[in-house]
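Here's final_33.cif, which has mmCIF, C-alpha atoms:
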```
data_data
#
loop_
_atom_site.label_atom_id
_atom_site.label_comp_id
_atom_site.auth_asym_id
_atom_site.auth_seq_id
_atom_site.Cartn_x
_atom_site.Cartn_y
_atom_site.Cartn_z
CA MET I 66 1.81 -0.81 -44.40
CA ARG I 67 4.37 -3.06 -42.77
CA LEU I 68 3.91 -4.11 -39.11
CA LEU I 69 6.69 -3.43 -36.65
CA ALA I 70 8.87 -6.43 -35.87
CA PRO I 71 8.10 -7.82 -32.38
CA ALA I 72 11.52 -6.88 -30.98
CA LEU I 73 11.22 -3.32 -32.33
CA LEU I 74 7.67 -3.01 -30.96
CA ALA I 75 8.79 -4.19 -27.50
CA ALA I 76 11.74 -1.76 -27.51
CA THR I 77 9.43 1.10 -28.53
CA LEU I 78 6.98 0.31 -25.73
CA ILE I 79 9.73 0.07 -23.12
CA SER I 80 11.41 3.32 -24.20
CA ALA I 81 8.06 5.12 -24.15
CA GLN I 82 7.60 4.51 -20.44
CA PRO I 83 8.08 7.58 -18.23
CA ALA I 84 10.85 7.61 -15.64
CA LEU I 85 9.38 7.20 -12.18
CA ALA I 86 10.75 7.87 -8.72
CA HIS I 87 11.89 4.89 -6.69
CA GLU I 88 8.52 4.36 -4.99
CA GLN I 89 6.32 1.53 -3.74
CA VAL I 90 2.59 1.87 -3.12
CA TYR I 91 0.53 -0.26 -0.72
CA ALA I 92 -3.25 -0.04 -0.58
CA ALA I 93 -6.43 -1.75 0.58
CA PRO I 94 -10.05 -1.05 1.48
CA LEU I 95 -10.79 -0.22 5.12
CA LEU I 96 -13.36 -2.74 6.38
CA GLY I 97 -14.81 -3.79 9.71
CA SER I 98 -14.63 -7.43 8.58
CA SER I 99 -10.81 -7.15 8.36
CA GLU I 100 -10.54 -6.38 12.08
CA ILE I 101 -9.73 -9.18 14.56
CA PRO I 102 -12.27 -9.79 15.95
CA ALA I 103 -14.43 -8.48 13.10
CA ALA I 104 -16.22 -5.22 13.86
CA THR I 105 -19.90 -4.97 13.00
CA THR I 106 -19.96 -1.50 11.50
CA THR I 107 -21.39 0.57 8.68
CA GLY I 108 -17.98 2.20 8.34
CA SER I 109 -15.70 1.76 5.37
CA GLY I 110 -12.95 3.57 3.52
CA TYR I 111 -9.69 3.22 1.64
CA ALA I 112 -6.02 3.55 2.61
CA THR I 113 -2.98 4.15 0.43
CA VAL I 114 0.59 4.22 1.75
CA THR I 115 3.39 5.34 -0.59
CA PHE I 116 7.08 5.00 0.21
CA ASP I 117 9.62 7.12 -1.64
CA PHE I 118 12.93 5.34 -1.11
CA ASP I 119 14.98 8.20 -2.55
CA LEU I 120 13.54 10.71 -0.08
CA MET I 121 12.89 8.12 2.68
CA THR I 122 9.32 9.31 3.12
CA MET I 123 5.98 7.62 3.72
CA ARG I 124 2.81 9.28 2.42
CA VAL I 125 -0.39 8.12 4.14
CA GLN I 126 -3.73 8.80 2.44
CA VAL I 127 -6.97 7.70 4.07
CA SER I 128 -10.63 8.33 3.38
CA PHE I 129 -13.39 6.91 5.56
CA ALA I 130 -17.12 7.35 6.21
CA ASP I 131 -20.10 6.09 8.19
CA LEU I 132 -18.22 4.94 11.29
CA VAL I 133 -20.34 3.85 14.25
CA GLY I 134 -18.04 5.59 16.75
CA ASN I 135 -15.98 8.76 16.62
CA VAL I 136 -12.33 8.38 15.55
CA THR I 137 -9.86 8.17 18.43
CA ALA I 138 -6.67 7.17 16.56
CA ALA I 139 -5.22 5.72 13.38
CA HIS I 140 -1.88 4.07 12.67
CA ILE I 141 0.00 1.25 10.93
CA HIS I 142 0.59 -2.02 12.76
CA CYS I 143 3.44 -4.39 11.88
CA CYS I 144 4.52 -7.16 11.62
CA THR I 145 2.01 -10.01 11.98
CA ALA I 146 3.10 -13.65 11.93
CA SER I 147 1.08 -14.24 8.75
CA PRO I 148 -1.02 -11.96 6.52
CA GLY I 149 -4.34 -10.92 8.04
CA ALA I 150 -4.17 -13.56 10.76
CA SER I 151 -3.57 -11.64 13.98
CA ASN I 152 -3.20 -8.36 15.81
CA VAL I 153 0.20 -6.81 16.41
CA GLY I 154 1.69 -3.66 17.94
CA VAL I 155 1.79 -0.22 16.36
CA ALA I 156 4.76 0.50 14.07
CA SER I 157 3.98 4.08 13.07
CA GLN I 158 3.70 7.24 15.11
CA THR I 159 1.75 7.03 18.38
CA PRO I 160 -0.74 7.75 19.80
CA SER I 161 -1.99 8.51 16.26
CA PHE I 162 -0.86 9.90 12.91
CA THR I 163 -0.09 13.62 13.13
CA GLY I 164 -3.22 15.60 12.25
CA PHE I 165 -5.47 12.59 11.69
CA PRO I 166 -9.11 13.73 12.11
CA THR I 167 -10.48 12.64 15.49
CA GLY I 168 -13.91 12.98 17.06
CA VAL I 169 -15.58 12.42 13.65
CA LYS I 170 -17.32 9.57 11.83
CA ALA I 171 -16.06 10.51 8.35
CA GLY I 172 -13.06 12.29 6.91
CA THR I 173 -9.95 12.31 4.76
CA TYR I 174 -6.26 12.41 5.57
CA ASP I 175 -3.10 13.04 3.54
CA HIS I 176 0.26 13.43 5.26
CA THR I 177 3.88 12.65 4.35
CA PHE I 178 6.21 11.42 7.09
CA ASP I 179 10.00 11.71 7.12
CA MET I 180 10.95 8.10 7.86
CA SER I 181 14.52 9.05 8.77
CA LEU I 182 13.12 10.57 12.00
CA ALA I 183 12.45 8.46 15.08
CA SER I 184 9.30 10.52 15.69
CA SER I 185 7.67 8.88 12.64
CA TYR I 186 7.64 5.51 14.46
CA ASN I 187 6.39 4.00 17.67
CA ALA I 188 9.44 3.96 19.99
CA ALA I 189 8.61 0.37 20.93
CA PHE I 190 8.77 -0.65 17.26
CA ILE I 191 12.24 0.88 16.89
CA ALA I 192 13.41 -0.85 20.08
CA ALA I 193 12.10 -4.22 18.89
CA HIS I 194 13.70 -3.83 15.45
CA GLY I 195 17.40 -3.30 16.02
CA ASN I 196 17.03 -0.08 18.00
CA THR I 197 17.77 2.02 14.89
CA VAL I 198 15.53 3.96 12.54
CA GLY I 199 17.18 2.34 9.52
CA THR I 200 16.39 -1.18 10.71
CA ALA I 201 12.87 -0.18 11.73
CA PHE I 202 12.31 1.31 8.26
CA ASN I 203 13.60 -1.83 6.51
CA ASP I 204 11.50 -4.12 8.71
CA LEU I 205 8.35 -2.03 8.17
CA VAL I 206 8.82 -2.16 4.39
CA ALA I 207 9.52 -5.92 4.57
CA GLY I 208 6.33 -6.38 6.60
CA LEU I 209 4.33 -4.42 4.04
CA ASN I 210 5.87 -6.36 1.15
CA SER I 211 4.88 -9.67 2.75
CA GLY I 212 1.33 -8.52 3.62
CA ASN I 213 2.08 -8.55 7.34
CA ALA I 214 1.11 -4.94 8.07
CA TYR I 215 -2.21 -3.16 8.32
CA LEU I 216 -3.58 0.32 8.84
CA ASN I 217 -6.58 0.74 11.07
CA VAL I 218 -8.84 3.44 12.39
CA HIS I 219 -9.83 3.15 16.05
CA SER I 220 -13.06 4.66 17.35
CA SER I 221 -15.00 5.25 20.54
CA ALA I 222 -17.22 2.28 19.63
CA PHE I 223 -14.31 -0.06 18.77
CA ALA I 224 -11.23 0.71 20.85
CA GLY I 225 -9.25 -2.08 19.14
CA GLY I 226 -10.12 -0.77 15.68
CA GLU I 227 -13.35 -0.21 13.75
CA ILE I 228 -12.01 -0.53 10.19
CA ARG I 229 -8.78 -2.10 8.95
CA ALA I 230 -6.90 -2.09 5.64
CA LEU I 231 -4.79 -5.22 5.04
CA LEU I 232 -2.14 -3.37 3.04
CA VAL I 233 -0.68 -5.08 -0.04
CA PRO I 234 1.79 -3.90 -2.69
CA VAL I 235 0.25 -2.27 -5.77
CA PRO I 236 2.01 -3.18 -9.04
CA GLU I 237 3.87 -0.28 -10.66
CA PRO I 238 2.28 1.27 -13.79
CA GLU I 239 5.20 0.21 -15.98
CA THR I 240 4.60 -3.41 -14.95
CA TYR I 241 1.14 -3.21 -16.52
CA ALA I 242 2.54 -1.44 -19.60
CA LEU I 243 5.20 -4.09 -20.10
CA MET I 244 2.63 -6.83 -19.62
CA LEU I 245 0.31 -5.23 -22.20
CA GLY I 246 3.24 -4.69 -24.56
CA GLY I 247 4.19 -8.35 -24.21
CA LEU I 248 0.62 -9.43 -24.95
CA GLY I 249 0.66 -7.21 -28.05
CA VAL I 250 3.89 -8.82 -29.25
CA LEU I 251 2.41 -12.30 -28.69
CA ALA I 252 -0.75 -11.33 -30.61
CA LEU I 253 1.32 -10.05 -33.54
CA ALA I 254 3.40 -13.23 -33.59
CA ALA I 255 0.26 -15.39 -33.53
CA ARG I 256 -1.27 -13.35 -36.37
CA ARG I 257 1.89 -13.78 -38.47
CA ARG I 258 1.92 -17.53 -37.84
CA ARG I 259 -1.72 -17.80 -38.93
CA SER I 260 -1.02 -15.69 -42.05
CA ALA I 261 2.03 -17.79 -42.93
CA ALA I 262 0.03 -21.03 -42.48
CA ARG I 263 -2.68 -19.75 -44.86
CA GLY I 264 -0.27 -18.45 -47.50
#
```

As a first step, turn the structure in this file into structure tokens.
Amino acid sequence: MRLLAPALLAATLISAQPALAHEQVYAAPLLGSSEIPAATTTGSGYATVTFDFDLMTMRVQVSFADLVGNVTAAHIHCCTASPGASNVGVASQTPSFTGFPTGVKAGTYDHTFDMSLASSYNAAFIAAHGNTVGTAFNDLVAGLNSGNAYLNVHSSAFAGGEIRALLVPVPEPETYALMLGGLGVLALAARRRRSAARG
């Protein structure tokens, strides 16, 4: 059986990838140690924020448990001067995400926001970022891309935030597939070189 030529193998792997929407995912664990100042808490969780640039939406998914205080609010803050180094004002909806569970120590949340609406942002964030929703959207995405945005959950025990997720971009699935495909091509080439050297 003849092995596929490296170029043909790479083309096959690339063409086999599914077409995906124009999306970017940001995620991070929710930890008390990520707060400034750090919060001494048993609470933890995970946050995922997904932007669909075709639909101009932002999906926020949060799960959390074992908080010391009861939840009072949750939102995204942007844009810090450097990643994870400071506190900054709220960029997303205030006083909290629509429907976020409050008065509890554990819960889950999944909501999609229409980012073409001013109501999906803090009015102060829009005002500070060109006074338009379009500019606010672009600046929020830029802040997330540079690691200068975070999502936190505020509680009755920690008014400034009990747990914080320092959101970072998650590589797209096809990036991993291309990387693995490239490694496969390199392995095949190395095997052929070794075979040719022996023969």

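Proximity to I:Asp119 was assessed for I:Glu88, I:Asp204, I:Asp175, I:Asp131 counting all atoms listed in the file; the smallest distance is recorded for I:Glu88.
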
Q: Find the residues around I:Val218 up to 12 Å (only C-alpha atoms counted), leave out those fewer than 6 positions away in its own chain, and share them as a ChimeraX atom specification.
A: /I:94-97,99-100,104,108-112,127-130,132-142,155,160-162,165-174,224-230

Pull C-alpha atoms from the residues just selected and write them as a PDB file, keeping the file's coordinate frame.
```
ATOM      1  CA  PRO I  94     -10.050  -1.050   1.480  1.00  0.00           C
ATOM      2  CA  LEU I  95     -10.790  -0.220   5.120  1.00  0.00           C
ATOM      3  CA  LEU I  96     -13.360  -2.740   6.380  1.00  0.00           C
ATOM      4  CA  GLY I  97     -14.810  -3.790   9.710  1.00  0.00           C
ATOM      5  CA  SER I  99     -10.810  -7.150   8.360  1.00  0.00           C
ATOM      6  CA  GLU I 100     -10.540  -6.380  12.080  1.00  0.00           C
ATOM      7  CA  ALA I 104     -16.220  -5.220  13.860  1.00  0.00           C
ATOM      8  CA  GLY I 108     -17.980   2.200   8.340  1.00  0.00           C
ATOM      9  CA  SER I 109     -15.700   1.760   5.370  1.00  0.00           C
ATOM     10  CA  GLY I 110     -12.950   3.570   3.520  1.00  0.00           C
ATOM     11  CA  TYR I 111      -9.690   3.220   1.640  1.00  0.00           C
ATOM     12  CA  ALA I 112      -6.020   3.550   2.610  1.00  0.00           C
ATOM     13  CA  VAL I 127      -6.970   7.700   4.070  1.00  0.00           C
ATOM     14  CA  SER I 128     -10.630   8.330   3.380  1.00  0.00           C
ATOM     15  CA  PHE I 129     -13.390   6.910   5.560  1.00  0.00           C
ATOM     16  CA  ALA I 130     -17.120   7.350   6.210  1.00  0.00           C
ATOM     17  CA  LEU I 132     -18.220   4.940  11.290  1.00  0.00           C
ATOM     18  CA  VAL I 133     -20.340   3.850  14.250  1.00  0.00           C
ATOM     19  CA  GLY I 134     -18.040   5.590  16.750  1.00  0.00           C
ATOM     20  CA  ASN I 135     -15.980   8.760  16.620  1.00  0.00           C
ATOM     21  CA  VAL I 136     -12.330   8.380  15.550  1.00  0.00           C
ATOM     22  CA  THR I 137      -9.860   8.170  18.430  1.00  0.00           C
ATOM     23  CA  ALA I 138      -6.670   7.170  16.560  1.00  0.00           C
ATOM     24  CA  ALA I 139      -5.220   5.720  13.380  1.00  0.00           C
ATOM     25  CA  HIS I 140      -1.880   4.070  12.670  1.00  0.00           C
ATOM     26  CA  ILE I 141       0.000   1.250  10.930  1.00  0.00           C
ATOM     27  CA  HIS I 142       0.590  -2.020  12.760  1.00  0.00           C
ATOM     28  CA  VAL I 155       1.790  -0.220  16.360  1.00  0.00           C
ATOM     29  CA  PRO I 160      -0.740   7.750  19.800  1.00  0.00           C
ATOM     30  CA  SER I 161      -1.990   8.510  16.260  1.00  0.00           C
ATOM     31  CA  PHE I 162      -0.860   9.900  12.910  1.00  0.00           C
ATOM     32  CA  PHE I 165      -5.470  12.590  11.690  1.00  0.00           C
ATOM     33  CA  PRO I 166      -9.110  13.730  12.110  1.00  0.00           C
ATOM     34  CA  THR I 167     -10.480  12.640  15.490  1.00  0.00           C
ATOM     35  CA  GLY I 168     -13.910  12.980  17.060  1.00  0.00           C
ATOM     36  CA  VAL I 169     -15.580  12.420  13.650  1.00  0.00           C
ATOM     37  CA  LYS I 170     -17.320   9.570  11.830  1.00  0.00           C
ATOM     38  CA  ALA I 171     -16.060  10.510   8.350  1.00  0.00           C
ATOM     39  CA  GLY I 172     -13.060  12.290   6.910  1.00  0.00           C
ATOM     40  CA  THR I 173      -9.950  12.310   4.760  1.00  0.00           C
ATOM     41  CA  TYR I 174      -6.260  12.410   5.570  1.00  0.00           C
ATOM     42  CA  ALA I 224     -11.230   0.710  20.850  1.00  0.00           C
ATOM     43  CA  GLY I 225      -9.250  -2.080  19.140  1.00  0.00           C
ATOM     44  CA  GLY I 226     -10.120  -0.770  15.680  1.00  0.00           C
ATOM     45  CA  GLU I 227     -13.350  -0.210  13.750  1.00  0.00           C
ATOM     46  CA  ILE I 228     -12.010  -0.530  10.190  1.00  0.00           C
ATOM     47  CA  ARG I 229      -8.780  -2.100   8.950  1.00  0.00           C
ATOM     48  CA  ALA I 230      -6.900  -2.090   5.640  1.00  0.00           C
TER      49      ALA I 230
END
```

Q | Selection near I:Phe178, 7 Å with all atoms listed in the file, sequence-local residues under 3 positions removed, as a ChimeraX atom specification | A | /I:122-124,185

**Q.** Interatomic distance (Å, one decimal) between atom CA of I:Leu216 and atom CA of I:His87
**A.** 22.4 Å

Q: Run through the PyMOL selection byres ((chain I and resi 234) around 8) on the given coordinates and return the selected residues as number ranges by chain.
A: I: 89-92, 209-210, 212, 232-233, 235-236

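In this model, the gap between atom CA of I:Val114 and atom CA of I:Gly149 comes to 17.1 Å.
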
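Across the chains present, the PyMOL selection byres ((chain I and resi 152) around 9) applied to this file returns Glu100, Ile101, His142, Cys143, Cys144, Thr145, Gly149, Ala150, Ser151, Val153 and Gly154 of chain I.
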
Q) In terms of the shortest atom-to-atom distance over all atoms listed in the file, which of I:Gln126, I:Thr105, I:Thr197, I:Ser98 is closest to I:Leu182? A) I:Thr197

Q) Quick one: distance from atom CA of I:Val198 to atom CA of I:Met180 in Å, one decimal? A)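 For atom CA of I:Val198 relative to atom CA of I:Met180, the distance reads 7.7 Å.
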
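Using only C-alpha atoms, the nearest neighbour of I:Val206 within the list I:Thr106, I:Thr113, I:Pro148, I:Ala156 is I:Ala156.
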
Q | Option closest in space to I:Asp117, from I:Phe202, I:Tyr186, I:Thr163, I:Tyr215 [counting all atoms listed in the file] | A |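 Ranking I:Phe202, I:Tyr186, I:Thr163, I:Tyr215 by distance to I:Asp117, first place goes to I:Phe202.
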
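If all atoms listed in the file are the atoms counted, then among I:Ser147, I:Asn203, I:Thr159, I:Ser184 the closest residue to I:Phe118 is I:Asn203.
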